[in-house]
$ cat query36.txt   # compact mmCIF, C-alpha atoms
# COMPACT_ATOMS: atom_id res chain seq x y z
CA MET A 838 0.00 0.00 0.00
CA ALA A 839 1.25 3.48 -0.83
CA ALA A 840 2.44 5.68 2.03
CA ALA A 841 -0.56 7.27 3.72
CA ARG A 842 -0.89 11.04 3.36
CA LEU A 843 -3.91 11.27 5.68
CA LEU A 844 -4.13 9.47 9.01
CA LEU A 845 -7.03 9.37 11.48
CA ARG A 846 -6.64 9.01 15.22
CA LEU A 847 -9.41 6.56 16.14
CA ALA A 848 -9.74 5.12 19.66
CA GLY A 849 -6.23 6.38 20.42
CA ARG A 850 -4.60 4.65 17.44
CA LEU A 851 -3.37 6.07 14.14
CA GLU A 852 -5.06 4.44 11.16
CA SER A 853 -4.72 5.03 7.44
CA VAL A 854 -7.79 5.86 5.35
CA ASN A 855 -8.84 3.92 2.29
CA PHE A 856 -9.71 5.92 -0.84
CA ALA A 857 -13.29 4.59 -0.80
CA GLN A 858 -13.97 5.56 2.84
CA SER A 859 -15.74 8.71 4.05
CA VAL A 860 -13.33 10.68 6.25
CA CYS A 861 -16.18 12.65 7.86
CA GLY A 862 -18.04 9.43 8.53
CA LEU A 863 -15.04 7.79 10.19
CA LEU A 864 -14.69 10.86 12.43
CA GLY A 865 -18.25 10.42 13.64
CA ALA A 866 -19.94 13.10 11.54
CA GLY A 867 -23.69 12.91 11.22
CA GLN A 868 -25.88 13.33 8.18
CA GLY A 869 -25.57 16.37 5.94
CA PRO A 870 -22.58 18.42 4.76
CA GLY A 871 -21.47 19.86 8.11
CA PRO A 872 -19.25 21.59 9.03
CA TRP A 873 -17.89 19.70 12.04
CA TYR A 874 -14.89 20.76 14.11
CA ILE A 875 -11.99 18.36 14.39
CA HIS A 876 -8.49 18.45 15.87
CA CYS A 877 -5.50 18.14 13.56
CA SER A 878 -1.73 18.24 13.37
CA TRP A 879 0.70 18.25 10.50
CA GLN A 880 3.86 16.20 10.39
CA ARG A 881 5.92 16.56 7.25
CA GLY A 882 4.17 14.44 4.67
CA GLN A 883 1.19 13.45 6.83
CA LEU A 884 -1.99 15.14 8.08
CA ILE A 885 -3.47 13.68 11.28
CA LEU A 886 -7.15 14.25 12.14
CA SER A 887 -9.16 13.33 15.22
CA SER A 888 -12.60 14.10 16.63
CA SER A 889 -11.01 14.68 20.06
CA SER A 890 -7.89 16.45 21.26
CA PHE A 891 -4.62 14.52 21.25
CA PRO A 892 -0.97 15.22 22.14
CA GLY A 893 0.62 17.35 19.43
CA ALA A 894 -2.66 18.68 18.04
CA LEU A 895 -2.06 22.22 16.84
CA GLU A 896 -5.36 23.37 15.39
CA ARG A 897 -9.11 22.83 15.74
CA LEU A 898 -10.61 23.42 12.33
CA PRO A 899 -13.95 22.93 10.56
CA ILE A 900 -14.27 20.06 8.10
CA GLN A 901 -17.06 19.86 5.54
CA ARG A 902 -18.13 17.65 2.66
CA PRO A 903 -20.37 18.28 -0.37
CA PRO A 904 -24.08 17.56 0.07
CA PHE A 905 -23.71 14.88 -2.61
CA CYS A 906 -20.50 13.32 -1.22
CA PRO A 907 -20.08 10.08 -3.25
CA PHE A 908 -18.28 8.19 -0.50
CA ALA A 909 -20.97 8.98 2.06
CA ALA A 910 -23.51 7.64 -0.44
CA LEU A 911 -21.58 4.40 -1.07
CA GLY A 912 -22.76 2.93 2.20
CA GLN A 913 -26.37 3.44 1.14
CA GLN A 914 -26.05 1.44 -2.10
CA PRO A 915 -27.19 -2.18 -2.30
CA GLY A 916 -24.26 -4.56 -2.14
CA GLY A 917 -24.75 -5.82 -5.68
CA SER A 918 -24.65 -2.36 -7.26
CA ARG A 919 -21.48 -1.04 -5.67
CA MET A 920 -18.86 0.16 -8.10
CA GLU A 921 -15.33 -1.19 -8.12
CA LEU A 922 -12.98 1.16 -6.27
CA PRO A 923 -9.25 0.87 -5.55
CA THR A 924 -8.50 -0.79 -2.22
CA ASN A 925 -4.77 -0.03 -2.14
CA ARG A 926 -5.03 3.73 -2.48
CA GLY A 927 -4.90 6.15 0.43
CA VAL A 928 -6.28 9.68 0.70
CA GLU A 929 -3.98 12.42 -0.56
CA VAL A 930 -3.77 15.94 0.85
CA GLY A 931 -4.32 19.08 -1.20
CA VAL A 932 -4.13 22.80 -0.47
CA ALA A 933 -6.41 25.63 -1.63
CA VAL A 934 -5.05 29.16 -1.31
CA ILE A 935 -7.35 32.07 -0.43
CA LEU A 936 -5.09 34.92 -1.52
CA GLN A 937 -6.29 38.25 -0.12
CA SER A 938 -5.05 41.46 -1.70
CA SER A 939 -4.45 44.74 0.11
CA ASP A 940 -7.96 45.93 -0.82
CA GLN A 941 -9.61 42.81 0.66
CA THR A 942 -10.45 40.98 -2.55
CA VAL A 943 -9.70 37.29 -3.09
CA LEU A 944 -8.45 35.43 -6.14
CA LEU A 945 -10.49 32.75 -7.96
CA THR A 946 -9.36 30.90 -11.10
CA ARG A 947 -11.34 28.96 -13.73
CA ARG A 948 -10.17 25.52 -14.78
CA PRO A 949 -10.04 24.83 -18.55
CA CYS A 950 -12.91 22.84 -20.06
CA THR A 951 -10.37 20.35 -21.45
CA LEU A 952 -9.36 19.03 -18.01
CA ARG A 953 -10.59 15.58 -17.03
CA ILE A 954 -11.31 16.52 -13.41
CA SER A 955 -13.58 19.47 -12.51
CA PRO A 956 -13.55 21.20 -15.92
CA ASN A 957 -14.96 24.72 -16.30
CA VAL A 958 -15.12 25.25 -12.53
CA TRP A 959 -14.11 28.36 -10.54
CA VAL A 960 -11.74 27.45 -7.69
CA PRO A 961 -8.98 29.05 -5.59
CA PRO A 962 -5.40 28.31 -6.68
CA GLY A 963 -4.14 25.07 -5.20
CA GLY A 964 -3.33 21.43 -5.76
CA HIS A 965 -1.97 18.22 -4.31
CA MET A 966 0.95 18.24 -1.91
CA GLU A 967 4.21 16.65 -2.88
CA PRO A 968 5.85 14.06 -0.57
CA ASP A 969 7.51 15.68 2.48
CA GLU A 970 6.16 19.11 1.49
CA GLU A 971 4.85 21.55 4.11
CA ILE A 972 1.40 23.09 3.73
CA LEU A 973 2.76 26.60 3.18
CA GLU A 974 5.36 25.32 0.72
CA CYS A 975 2.61 23.65 -1.31
CA GLY A 976 0.46 26.78 -1.34
CA LEU A 977 3.33 28.99 -2.49
CA ARG A 978 4.35 26.48 -5.17
CA GLU A 979 0.81 26.21 -6.56
CA LEU A 980 0.46 30.00 -6.64
CA GLN A 981 3.62 30.23 -8.71
CA GLU A 982 2.80 27.27 -10.99
CA GLU A 983 -0.80 28.27 -11.73
CA CYS A 984 -0.68 32.07 -11.54
CA GLY A 985 2.98 33.08 -11.84
CA LEU A 986 2.82 34.73 -8.41
CA GLN A 987 5.97 34.41 -6.31
CA LEU A 988 5.48 35.92 -2.86
CA PRO A 989 8.73 37.17 -1.28
CA PRO A 990 9.74 35.08 1.76
CA ASN A 991 8.83 36.58 5.15
CA GLN A 992 6.94 39.44 3.46
CA PHE A 993 3.36 38.18 3.65
CA SER A 994 1.31 38.05 6.80
CA CYS A 995 -1.68 39.73 8.43
CA VAL A 996 0.57 42.74 9.11
CA LEU A 997 1.23 45.19 6.29
CA LEU A 998 4.98 45.05 5.54
CA GLY A 999 5.04 46.68 2.12
CA LEU A 1000 3.47 46.75 -1.31
CA TRP A 1001 4.76 44.92 -4.40
CA GLU A 1002 3.12 44.87 -7.81
CA ALA A 1003 2.93 41.36 -9.28
CA ARG A 1004 1.54 40.34 -12.65
CA ILE A 1005 -0.47 37.13 -12.78
CA GLN A 1006 0.84 34.82 -15.51
CA VAL A 1007 -1.54 31.90 -15.50
CA ASN A 1008 -0.60 28.41 -16.58
CA PRO A 1009 -2.97 27.64 -19.52
CA LYS A 1010 -2.85 23.92 -18.73
CA GLU A 1011 -4.50 24.50 -15.34
CA VAL A 1012 -6.17 27.95 -15.47
CA ASN A 1013 -7.92 29.77 -18.32
CA ALA A 1014 -9.45 32.72 -16.43
CA PHE A 1015 -9.19 34.53 -13.10
CA MET A 1016 -10.98 37.21 -11.13
CA TRP A 1017 -10.86 39.07 -7.79
CA LEU A 1018 -13.99 38.85 -5.61
CA GLU A 1019 -15.04 41.57 -3.18
CA PRO A 1020 -16.40 40.43 0.21
CA ASP A 1021 -20.07 41.21 -0.58
CA VAL A 1022 -19.95 39.15 -3.78
CA ALA A 1023 -18.00 36.37 -2.05
CA ALA A 1024 -20.65 36.21 0.70
CA ALA A 1025 -23.45 35.77 -1.85
CA VAL A 1026 -21.49 33.13 -3.78
CA ALA A 1027 -20.59 31.21 -0.61
CA ALA A 1028 -24.22 31.15 0.58
CA ARG A 1029 -25.67 30.08 -2.78
CA GLU A 1030 -25.86 26.33 -2.30
CA ASP A 1031 -29.01 24.27 -1.76
CA GLY A 1032 -31.14 27.41 -1.41
CA THR A 1033 -29.42 28.61 1.76
CA GLU A 1034 -28.79 32.12 0.46
CA THR A 1035 -30.74 35.06 1.90
CA LEU A 1036 -32.40 37.90 0.01
CA ARG A 1037 -30.23 40.37 1.90
CA LEU A 1038 -27.04 38.90 0.42
CA LEU A 1039 -28.43 38.96 -3.12
CA GLN A 1040 -29.72 42.53 -3.01
CA GLY A 1041 -27.51 45.14 -4.64
CA LEU A 1042 -25.29 42.68 -6.50
CA PRO A 1043 -24.12 43.84 -9.94
CA PRO A 1044 -25.54 41.93 -12.94
CA SER A 1045 -22.03 41.00 -14.07
CA LEU A 1046 -18.41 41.02 -12.93
CA SER A 1047 -15.12 41.74 -14.66
CA ALA A 1048 -12.69 38.86 -15.04
CA THR A 1049 -9.64 38.13 -17.17
CA GLU A 1050 -9.51 35.28 -19.69
CA LEU A 1051 -6.50 33.63 -21.31
CA LYS A 1052 -6.47 33.47 -25.11
CA ASP A 1053 -4.86 30.75 -27.25
CA ASP A 1054 -1.73 32.86 -27.75
CA ARG A 1055 -1.32 33.17 -23.93
CA GLU A 1056 -2.33 36.83 -24.03
CA THR A 1057 -5.22 37.98 -21.87
CA GLN A 1058 -8.52 39.62 -22.68
CA PRO A 1059 -11.33 41.12 -20.56
CA LEU A 1060 -14.18 38.78 -19.66
CA ILE A 1061 -17.62 39.96 -18.55
CA LEU A 1062 -19.01 37.19 -16.38
CA PRO A 1063 -22.74 37.15 -15.56
CA MET A 1064 -23.41 37.12 -11.84
CA SER A 1065 -25.81 34.23 -12.46
CA THR A 1066 -22.83 32.02 -13.39
CA LEU A 1067 -21.21 32.48 -9.98
CA LEU A 1068 -24.55 32.01 -8.19
CA ARG A 1069 -25.26 28.71 -9.96
CA THR A 1070 -25.53 25.78 -7.56
CA THR A 1071 -23.22 22.81 -7.95
CA PRO A 1072 -24.61 20.26 -10.43
CA THR A 1073 -25.53 16.91 -8.90
CA THR A 1074 -24.30 15.10 -12.02
CA ALA A 1075 -21.10 15.24 -14.04
CA GLU A 1076 -22.27 18.26 -16.02
CA ASP A 1077 -19.60 20.70 -17.18
CA LYS A 1078 -21.69 23.82 -16.59
CA GLU A 1079 -19.56 26.70 -15.41
CA HIS A 1080 -19.95 27.23 -11.66
CA VAL A 1081 -18.05 27.81 -8.41
CA ASN A 1082 -16.81 24.61 -6.78
CA THR A 1083 -18.47 23.56 -3.49
CA GLY A 1084 -15.09 23.40 -1.75
CA ALA A 1085 -14.32 26.92 -2.99
CA LYS A 1086 -17.56 28.16 -1.40
CA PHE A 1087 -16.56 26.58 1.90
CA ALA A 1088 -13.13 28.25 1.68
CA LEU A 1089 -14.78 31.61 0.96
CA LYS A 1090 -16.99 31.16 4.04
CA LEU A 1091 -13.91 30.58 6.20
CA TRP A 1092 -12.24 33.68 4.71
CA LEU A 1093 -15.33 35.81 5.44
CA GLN A 1094 -15.41 34.51 9.03
CA HIS A 1095 -11.75 35.55 9.32
CA LEU A 1096 -12.75 39.05 8.18
CA GLY A 1097 -15.53 39.11 10.75
CA ARG A 1098 -18.26 39.17 8.08

$ encode --input "query36.txt" --output "structure tokens"
Amino acid sequence: MAAARLLLRLAGRLESVNFAQSVCGLLGAGQGPGPWYIHCSWQRGQLILSSSSFPGALERLPIQRPPFCPFAALGQQPGGSRMELPTNRGVEVGVAVILQSSDQTVLLTRRPCTLRISPNVWVPPGGHMEPDEEILECGLRELQEECGLQLPPNQFSCVLLGLWEARIQVNPKEVNAFMWLEPDVAAAVAAREDGTETLRLLQGLPPSLSATELKDDRETQPLILPMSTLLRTTPTTAEDKEHVNTGAKFALKLWLQHLGR
């Protein structure tokens, strides 16, 4: 079996997670998407999660899953109709970066429609972690690979240290458009899932937003994106309709909570 990237602390013992298992379910989560708060620690190359505190736990963070989580639904299928899934594959760890600018806007990128996984979806920059990579190292690497942004070491934090103009140079293999969301728009987008949005959040929104799209010659061009595209709920099937990823909405909610919104 490949080296586990995610480990769960269950009944005081560390156990690896099979690809076909529901992490939230193993941690004792109930029905629905959550979120639930769990304890975690990071050791180089491995993320450890537990529903209760344990020695070495550094953070207590919310965990959430999509309303249509396929692995939660597997247990509800009749035994004869279950699909074949790999039994020797663990759960890998990925990082999504909510990059906040000095004017409190956040960066979202659109994945090309030619990608096999999550095509035509708006997501934060991010990706899978490499072996023995730290979380911050992964986030900085993905920012540079996908957007051409290289943040100077020790010059980014919640304290203003200085201003530096950086040009986004997106990787056309992974990103074909990007935009900066203001908090009010981000709040409406984050709440627009399964009809949980409120009329207050939707009032006063502009009919469209300005984004930037990558052309075939790697140059950029303005893109006027209808607000209705960002407010579209996540399809329950494998449709390739343009929308904001459910995980991206969860990340936006966490960012807004950090802002005190």

$ atom_distance --input "query36.txt" --atom1 "atom CA of Val860 of chain A" --atom2 "atom CA of Ser878 of chain A"
15.6 Å

$ closest_residue --input "query36.txt" --among "A:Leu980, A:Ala1024, A:Leu847, A:Val1012" --to "Gln1094 of chain A" --atoms "all atoms listed in the file"
A:Ala1024

$ residues_around --input "query36.txt" --residues "Ser890 of chain A" --least-positions-apart "6" --cutoff "12 Å" --atoms "only C-alpha atoms" --output "MDAnalysis selection string"
chainID A and resid 846:849 874:878 896:898

$ closest_residue --input "query36.txt" --among "A:Val943, A:Leu886, A:Leu1093, A:Leu936" --to "Ala1028 of chain A" --atoms "all atoms listed in the file"
A:Leu1093

$ closest_atom_pairs --input "query36.txt" --of "segment 927-975 of chain A" --to "segment 1041-1055 of chain A" --cutoff "10 Å" --atoms "all atoms listed in the file" --output "JSON lines"
{"residue": "A:Leu945", "atom": "CA", "partner": "A:Ala1048", "partner_atom": "CA", "distance": 9.6}
{"residue": "A:Thr946", "atom": "CA", "partner": "A:Thr1049", "partner_atom": "CA", "distance": 9.4}
{"residue": "A:Arg947", "atom": "CA", "partner": "A:Glu1050", "partner_atom": "CA", "distance": 8.9}
{"residue": "A:Pro949", "atom": "CA", "partner": "A:Leu1051", "partner_atom": "CA", "distance": 9.9}

$ closest_residue --input "query36.txt" --among "A:Pro1009, A:Pro1020, A:Pro1059, A:Gly862" --to "Leu1091 of chain A" --atoms "all atoms listed in the file"
A:Pro1020

$ closest_residue --input "query36.txt" --among "A:Leu1060, A:Ile972, A:Val1081, A:Val1007" --to "Gly985 of chain A" --atoms "all atoms listed in the file"
A:Val1007

$ closest_residue --input "query36.txt" --among "A:Asp1077, A:Lys1090, A:Gly963, A:Asn1013" --to "Ala1025 of chain A" --atoms "all atoms listed in the file"
A:Lys1090

$ atom_distance --input "query36.txt" --atom1 "atom CA of Ser859 of chain A" --atom2 "atom CA of Leu977 of chain A"
28.6 Å

$ closest_residue --input "query36.txt" --among "A:Gln981, A:Thr1083, A:Asn1008, A:Thr1066" --to "Ser955 of chain A" --atoms "all atoms listed in the file"
A:Thr1083

$ residues_around --input "query36.txt" --residues "Asp940 of chain A" --least-positions-apart "2" --cutoff "12 Å" --atoms "all atoms listed in the file" --output "list in words"
Leu936, Gln937, Ser938, Thr942, Val943, Leu944, Leu997, Leu1000, Trp1017, Leu1018, Glu1019 and Pro1020 of chain A

$ atom_distance --input "query36.txt" --atom1 "atom CA of Pro990 of chain A" --atom2 "atom CA of Arg978 of chain A"
12.3 Å
